[in-house]
file my_file_34.cif (mmCIF, C-alpha atoms and all ligand atoms)
data_my_file
#
loop_
_atom_site.label_atom_id
_atom_site.label_comp_id
_atom_site.auth_asym_id
_atom_site.auth_seq_id
_atom_site.Cartn_x
_atom_site.Cartn_y
_atom_site.Cartn_z
CA MET A 173 94.14 37.00 52.12
CA ARG A 174 96.07 33.76 51.98
CA CYS A 175 99.45 35.08 50.89
CA SER A 176 100.16 31.66 49.46
CA GLU A 177 101.71 33.05 46.31
CA VAL A 178 104.18 35.88 46.71
CA GLU A 179 106.50 37.08 43.99
CA PHE A 180 109.10 39.82 44.07
CA VAL A 181 108.35 42.15 41.16
CA ASP A 182 110.79 45.02 41.16
CA SER A 183 112.93 47.39 43.18
CA VAL A 184 112.50 50.93 41.97
CA PHE A 185 114.61 54.05 42.59
CA SER A 186 112.70 56.40 40.33
CA LEU A 187 109.06 57.30 39.75
CA LYS A 188 109.65 56.77 36.04
CA ARG A 189 110.33 53.09 36.65
CA LEU A 190 107.21 52.09 38.61
CA PRO A 191 105.78 48.73 37.54
CA GLU A 192 102.51 48.65 35.65
CA ALA A 193 99.58 49.67 37.90
CA ASP A 194 97.43 46.66 37.10
CA LEU A 195 96.45 45.58 40.64
CA PRO A 196 95.43 47.39 43.84
CA GLU A 197 98.32 48.32 46.12
CA VAL A 198 99.09 48.49 49.81
CA ALA A 199 102.17 50.50 50.81
CA PHE A 200 104.05 50.13 54.09
CA ALA A 201 105.51 53.35 55.49
CA GLY A 202 107.22 54.40 58.69
CA ARG A 203 110.35 55.69 60.30
CA SER A 204 113.63 54.08 59.52
CA ASN A 205 114.17 50.82 61.46
CA VAL A 206 110.60 50.75 62.83
CA GLY A 207 110.08 47.26 61.42
CA LYS A 208 108.33 47.75 58.06
CA SER A 209 110.18 44.96 56.27
CA SER A 210 109.79 42.60 59.25
CA LEU A 211 106.06 43.28 59.37
CA MET A 212 105.75 42.47 55.68
CA ASN A 213 107.71 39.24 56.05
CA ARG A 214 105.44 38.19 58.89
CA LEU A 215 102.29 39.10 56.98
CA LEU A 216 103.50 37.17 53.97
CA ASN A 217 104.76 34.30 56.13
CA ARG A 218 108.19 34.47 54.57
CA LYS A 219 111.34 34.54 56.66
CA ALA A 220 113.46 36.84 54.55
CA LEU A 221 111.60 37.79 51.41
CA VAL A 222 111.87 41.44 52.37
CA LYS A 223 115.33 42.48 53.53
CA VAL A 224 115.58 43.28 57.22
CA SER A 225 118.48 44.89 59.03
CA ALA A 226 119.45 45.95 62.54
CA LYS A 227 121.04 48.96 60.85
CA PRO A 228 118.54 51.70 59.92
CA GLY A 229 118.33 52.80 56.30
CA LYS A 230 118.26 49.29 54.86
CA THR A 231 115.40 49.80 52.41
CA GLN A 232 116.34 52.52 49.94
CA SER A 233 113.97 51.90 47.07
CA LEU A 234 110.31 51.04 46.50
CA ASN A 235 110.07 47.25 46.57
CA PHE A 236 107.05 45.68 44.89
CA PHE A 237 105.69 42.24 45.75
CA ARG A 238 102.74 40.61 43.99
CA VAL A 239 100.52 38.74 46.47
CA ASP A 240 98.12 35.98 45.36
CA LYS A 241 97.99 37.67 41.92
CA ARG A 242 95.55 39.98 43.63
CA CYS A 243 97.47 42.99 44.89
CA TYR A 244 100.91 44.51 45.34
CA PHE A 245 102.59 45.11 48.67
CA VAL A 246 105.10 47.94 48.50
CA ASP A 247 107.95 48.28 51.00
CA LEU A 248 108.99 51.94 51.26
CA PRO A 249 112.28 53.42 52.46
CA GLY A 250 112.10 54.61 56.07
CA TYR A 251 112.05 58.31 56.85
CA GLY A 252 113.81 60.27 59.56
CA PHE A 253 117.14 58.49 59.57
CA ALA A 254 119.56 61.22 60.64
CA LYS A 255 122.68 59.42 59.45
CA VAL A 256 121.56 59.42 55.85
CA ASP A 257 122.94 62.29 53.84
CA LYS A 258 120.48 65.20 53.55
CA LYS A 259 120.53 64.90 49.77
CA VAL A 260 119.68 61.20 49.93
CA GLN A 261 116.93 61.88 52.48
CA ASP A 262 115.38 64.52 50.24
CA ALA A 263 115.52 62.14 47.29
CA TRP A 264 113.76 59.37 49.29
CA GLN A 265 111.19 61.86 50.52
CA ALA A 266 110.47 62.96 46.96
CA LEU A 267 110.28 59.34 45.82
CA ILE A 268 107.90 58.35 48.64
CA SER A 269 105.56 61.35 48.47
CA GLY A 270 105.60 61.35 44.67
CA TYR A 271 104.60 57.70 44.67
CA LEU A 272 101.90 58.05 47.38
CA GLU A 273 100.37 61.07 45.71
CA ALA A 274 100.28 59.83 42.15
CA ARG A 275 99.61 56.10 42.32
CA ALA A 276 96.00 55.65 41.20
CA THR A 277 95.84 52.02 42.34
CA LEU A 278 97.03 52.74 45.90
CA ARG A 279 94.31 51.54 48.27
CA CYS A 280 95.95 51.89 51.63
CA VAL A 281 99.10 53.13 53.33
CA VAL A 282 99.93 51.09 56.40
CA VAL A 283 101.68 53.59 58.68
CA ILE A 284 103.91 51.69 61.09
CA VAL A 285 104.91 53.14 64.42
CA ASP A 286 106.99 51.66 67.26
CA LEU A 287 104.60 51.04 70.16
CA ARG A 288 107.37 51.87 72.65
CA HIS A 289 107.95 55.40 71.41
CA GLU A 290 106.16 58.65 72.15
CA PRO A 291 104.26 60.20 69.22
CA LYS A 292 106.93 61.54 66.88
CA GLU A 293 106.73 64.64 64.78
CA LEU A 294 107.61 62.94 61.48
CA ASP A 295 104.88 60.31 61.92
CA ARG A 296 102.39 63.00 62.80
CA MET A 297 103.43 64.91 59.68
CA LEU A 298 102.94 61.87 57.46
CA ILE A 299 99.52 61.14 58.99
CA ASP A 300 98.41 64.76 58.62
CA TRP A 301 99.67 64.82 55.04
CA LEU A 302 97.78 61.59 54.19
CA ARG A 303 94.63 63.05 55.76
CA ALA A 304 95.01 66.30 53.83
CA LYS A 305 95.51 64.40 50.58
CA GLY A 306 92.61 62.06 51.30
CA ILE A 307 94.85 59.00 51.01
CA PHE A 308 93.41 56.08 52.96
CA HIS A 309 95.73 54.83 55.71
CA LEU A 310 95.79 52.43 58.61
CA LEU A 311 97.99 52.82 61.68
CA VAL A 312 99.85 49.83 63.05
CA TYR A 313 101.77 49.98 66.34
CA THR A 314 104.45 47.34 66.11
CA LYS A 315 107.04 45.62 68.34
CA MET A 316 104.29 44.98 70.90
CA ASP A 317 106.23 41.92 72.10
CA LYS A 318 108.72 44.27 73.72
CA LEU A 319 106.14 45.55 76.23
CA SER A 320 103.97 44.03 78.94
CA ARG A 321 100.19 43.94 78.46
CA ASN A 322 99.76 46.93 80.77
CA GLU A 323 102.41 48.95 79.00
CA GLN A 324 100.94 48.05 75.61
CA ALA A 325 97.56 49.53 76.53
CA LYS A 326 99.14 52.62 78.08
CA GLN A 327 101.41 53.28 75.10
CA ALA A 328 98.62 52.67 72.60
CA ARG A 329 96.49 55.30 74.32
CA LEU A 330 99.37 57.77 74.28
CA LEU A 331 99.93 57.25 70.54
CA ASP A 332 96.18 57.41 69.77
CA ALA A 333 96.01 60.77 71.51
CA GLY A 334 99.14 62.06 69.79
CA PHE A 335 97.98 61.10 66.30
CA GLY A 336 94.29 61.81 66.84
CA VAL A 337 93.08 58.31 65.97
CA ALA A 338 90.37 56.17 67.54
CA ALA A 339 91.33 52.81 69.07
CA GLY A 340 89.24 51.08 66.39
CA ASP A 341 91.27 52.69 63.64
CA ARG A 342 94.62 51.16 64.48
CA LEU A 343 96.08 47.77 65.21
CA LEU A 344 98.80 46.36 67.43
CA PHE A 345 101.35 44.02 65.90
CA SER A 346 104.44 41.96 66.55
CA ALA A 347 106.63 40.72 63.74
CA LYS A 348 108.34 38.51 66.29
CA THR A 349 105.31 36.60 67.60
CA GLY A 350 102.86 37.20 64.77
CA GLU A 351 100.29 38.72 67.11
CA GLY A 352 98.01 41.04 65.16
CA ARG A 353 98.71 39.33 61.84
CA GLU A 354 95.22 37.90 61.33
CA ALA A 355 93.55 41.18 62.25
CA LEU A 356 95.71 43.16 59.83
CA LEU A 357 95.16 40.66 56.99
CA GLU A 358 91.43 40.86 57.60
CA ARG A 359 91.47 44.66 57.36
CA LEU A 360 93.47 44.52 54.15
CA ASP A 361 91.14 41.87 52.76
CA ASP A 362 88.16 44.17 53.31
CA LEU A 363 89.97 47.05 51.65
CA LEU A 364 90.91 45.03 48.60
CA MET A 365 87.44 43.60 47.95
N1 LIG A 401 111.19 42.32 68.94
C1 LIG A 401 110.82 42.78 67.73
N2 LIG A 401 111.77 43.23 66.87
C2 LIG A 401 111.37 43.69 65.65
C3 LIG A 401 109.99 43.72 65.28
N3 LIG A 401 109.91 44.25 64.04
C4 LIG A 401 111.18 44.52 63.65
N4 LIG A 401 112.06 44.20 64.60
C5 LIG A 401 113.54 44.38 64.52
O1 LIG A 401 113.80 45.76 64.22
C6 LIG A 401 114.91 45.90 63.33
C7 LIG A 401 114.52 46.68 62.07
O2 LIG A 401 113.61 45.92 61.32
P1 LIG A 401 113.32 46.19 59.76
O3 LIG A 401 112.15 45.35 59.41
O4 LIG A 401 114.55 46.05 58.94
O5 LIG A 401 112.89 47.73 59.80
P2 LIG A 401 112.57 48.70 58.57
O6 LIG A 401 111.50 49.63 59.05
O7 LIG A 401 112.25 47.92 57.34
O8 LIG A 401 113.96 49.48 58.41
P3 LIG A 401 114.48 50.35 57.16
O9 LIG A 401 114.25 49.54 55.92
O10 LIG A 401 115.93 50.53 57.48
O11 LIG A 401 113.70 51.60 57.19
C8 LIG A 401 115.40 44.48 63.04
O12 LIG A 401 116.46 44.20 63.92
C9 LIG A 401 114.17 43.62 63.36
O13 LIG A 401 114.51 42.31 63.75
C10 LIG A 401 109.01 43.23 66.24
O14 LIG A 401 107.78 43.23 66.02
N5 LIG A 401 109.50 42.78 67.44
MG MG A 402 113.04 48.02 55.46
#
call {"tool": "encode", "arguments": {"input": "my_file_34.cif", "output": "structure tokens"}}
result
Amino acid sequence: MRCSEVEFVDSVFSLKRLPEADLPEVAFAGRSNVGKSSLMNRLLNRKALVKVSAKPGKTQSLNFFRVDKRCYFVDLPGYGFAKVDKKVQDAWQALISGYLEARATLRCVVVIVDLRHEPKELDRMLIDWLRAKGIFHLLVYTKMDKLSRNEQAKQARLLDAGFGVAAGDRLLFSAKTGEGREALLERLDDLLM
């Protein structure tokens, strides 16, 4: 995937307003503030195409980007942000799960987890839910630049065990350095063939 042509398509707050499903899709999911938008910017080689914030809860809608006229990348709101009103959280949850469940063109959910954290219940729940629904997903452990090589390996093993994934079924990534970008693009390329 070259990501040479990237267009913003739409920002959607309701399942009724989803753009036409005319290309395969890759969605990016994860806890609030984990680095979903940053990962997408790095993948797409754009500094600030997708809005990034130090404050969690930045992305509140489904944001669709058309890449190389070949697929859509979809930035999802983060889950598990305690400071968001319960009502708002429930609405996001319904929006996200409704979208993931019903979108016929969805090829892959990239589930993004902070490499520094222990396996978290909400991530585990999402992964189990995707497995139960038979929705294809790929785990990415991000912010690897914040750890030493030794710590990276140790943390990755801890997360693998917690989520029940094999080392070959996940990738490490850094939005800051770009490490892992080529590997992730290659995986997505294979999926979109
Ligand atoms: N060092 C480092 N910082 C990162 C990385 N990825 C994201 N960040 C930082 O983490 C913060 C959150 O990044 P976002 O990309 O906005 O996270 P998000 O998951 O889209 O957040 P919400 O939309 O609020 O759910 C920002 O301050 C980023 O600069 C990374 O790989 N390395
Ligand atoms: Mg975001």
call {"tool": "residues_around", "arguments": {"input": "my_file_34.cif", "residues": "stretch 178-184 of chain A", "least_positions_apart": "4", "cutoff": "7 Å", "atoms": "all atoms listed in the file", "output": "ChimeraX atom specification"}}
result
/A:189-190,233-240
call {"tool": "residues_near_ligand", "arguments": {"input": "my_file_34.cif", "ligand": "ligand LIG 401 (chain A)", "cutoff": "10 Å", "atoms": "all atoms listed in the file", "output": "PyMOL selection string"}}
result
chain A and resi 200-214+220+222-233+247-253+284-287+313-319+344-351
call {"tool": "closest_residue", "arguments": {"input": "my_file_34.cif", "among": "A:Val312, A:Val246, A:Val198, A:Ile307", "to": "ligand MG 402 (chain A)", "atoms": "all atoms listed in the file"}}
result
A:Val246
call {"tool": "atom_distance", "arguments": {"input": "my_file_34.cif", "atom1": "atom CA of A:Leu267", "atom2": "atom CA of A:Pro191"}}
result
14.2 Å
call {"tool": "atom_distance", "arguments": {"input": "my_file_34.cif", "atom1": "atom CA of A:Glu273", "atom2": "atom CA of A:Phe308"}}
result
11.2 Å
call {"tool": "atom_distance", "arguments": {"input": "my_file_34.cif", "atom1": "atom CA of A:Leu221", "atom2": "atom CA of A:Trp301"}}
result
29.8 Å
call {"tool": "closest_residue", "arguments": {"input": "my_file_34.cif", "among": "A:Met365, A:Gly352, A:Glu290, A:Ala276", "to": "A:Leu331", "atoms": "all atoms listed in the file"}}
result
A:Glu290
call {"tool": "residues_around", "arguments": {"input": "my_file_34.cif", "residues": "A:Lys305", "least_positions_apart": "5", "cutoff": "12 Å", "atoms": "all atoms listed in the file", "output": "ChimeraX atom specification"}}
result
/A:269,272-274,298-300
call {"tool": "residues_around", "arguments": {"input": "my_file_34.cif", "residues": "A:Ser320", "least_positions_apart": "6", "cutoff": "12 Å", "atoms": "all atoms listed in the file", "output": "NGL selection string"}}
result
:A and (287-288 or 326-328)
call {"tool": "residues_around", "arguments": {"input": "my_file_34.cif", "residues": "A:Thr277", "least_positions_apart": "6", "cutoff": "9 Å", "atoms": "only C-alpha atoms", "output": "ChimeraX atom specification"}}
result
/A:193-198
call {"tool": "axis_aligned_box", "arguments": {"input": "my_file_34.cif", "around": "stretch 237-251 of chain A", "padding_each_side": "3 Å", "output": "lines of an AutoDock Vina configuration file"}}
result
center_x = 103.9
center_y = 47.1
center_z = 49.4
size_x = 22.7
size_y = 28.3
size_z = 20.9
call {"tool": "decode", "arguments": {"input": "my_file_34.cif", "residues": "stretch 284-345 of chain A", "atoms": "C-alpha atoms", "output": "short mmCIF file (atom, residue, chain, number, x, y, z; two decimals), in the first residue's frame"}}
result
data_model
loop_
_atom_site.label_atom_id
_atom_site.label_comp_id
_atom_site.auth_asym_id
_atom_site.auth_seq_id
_atom_site.Cartn_x
_atom_site.Cartn_y
_atom_site.Cartn_z
CA ILE A 284 -4.42 -0.97 19.27
CA VAL A 285 -3.01 -1.49 22.73
CA ASP A 286 -0.39 0.48 24.68
CA LEU A 287 2.69 -1.76 24.94
CA ARG A 288 3.47 -0.33 28.38
CA HIS A 289 0.22 -1.41 29.99
CA GLU A 290 -0.88 -4.70 31.49
CA PRO A 291 -3.64 -6.54 29.61
CA LYS A 292 -6.81 -4.54 30.28
CA GLU A 293 -10.28 -5.90 30.70
CA LEU A 294 -11.89 -3.67 28.06
CA ASP A 295 -9.35 -4.70 25.40
CA ARG A 296 -9.84 -8.33 26.30
CA MET A 297 -13.60 -7.85 25.99
CA LEU A 298 -13.28 -6.30 22.54
CA ILE A 299 -10.96 -9.07 21.36
CA ASP A 300 -13.26 -11.79 22.72
CA TRP A 301 -16.26 -10.09 21.14
CA LEU A 302 -14.50 -9.87 17.73
CA ARG A 303 -13.56 -13.55 18.01
CA ALA A 304 -17.12 -14.53 18.92
CA LYS A 305 -18.49 -12.53 15.99
CA GLY A 306 -15.89 -13.90 13.60
CA ILE A 307 -14.67 -10.41 12.73
CA PHE A 308 -11.09 -10.49 11.50
CA HIS A 309 -8.71 -8.43 13.64
CA LEU A 310 -5.05 -7.70 14.08
CA LEU A 311 -3.44 -6.62 17.34
CA VAL A 312 -0.93 -3.79 17.37
CA TYR A 313 1.05 -2.88 20.48
CA THR A 314 1.97 0.76 20.11
CA LYS A 315 4.18 3.40 21.80
CA MET A 316 7.08 0.93 21.65
CA ASP A 317 9.49 3.90 21.56
CA LYS A 318 8.72 4.48 25.22
CA LEU A 319 10.36 1.19 26.27
CA SER A 320 13.81 -0.36 25.98
CA ARG A 321 14.29 -3.40 23.72
CA ASN A 322 14.26 -5.71 26.74
CA GLU A 323 11.11 -4.19 28.16
CA GLN A 324 9.42 -4.33 24.75
CA ALA A 325 9.90 -8.09 24.52
CA LYS A 326 8.82 -8.64 28.11
CA GLN A 327 5.69 -6.51 27.77
CA ALA A 328 4.76 -8.07 24.44
CA ARG A 329 4.87 -11.53 26.02
CA LEU A 330 2.71 -10.36 28.90
CA LEU A 331 0.09 -8.91 26.52
CA ASP A 332 0.20 -12.00 24.25
CA ALA A 333 -0.55 -14.19 27.25
CA GLY A 334 -3.31 -11.90 28.51
CA PHE A 335 -5.09 -11.73 25.16
CA GLY A 336 -4.36 -15.28 24.07
CA VAL A 337 -2.58 -14.35 20.84
CA ALA A 338 0.50 -15.83 19.20
CA ALA A 339 3.54 -13.60 18.64
CA GLY A 340 3.03 -13.97 14.88
CA ASP A 341 -0.47 -12.56 15.13
CA ARG A 342 0.41 -9.13 16.43
CA LEU A 343 2.77 -6.32 15.60
CA LEU A 344 4.75 -3.73 17.53
CA PHE A 345 4.52 -0.11 16.45
#
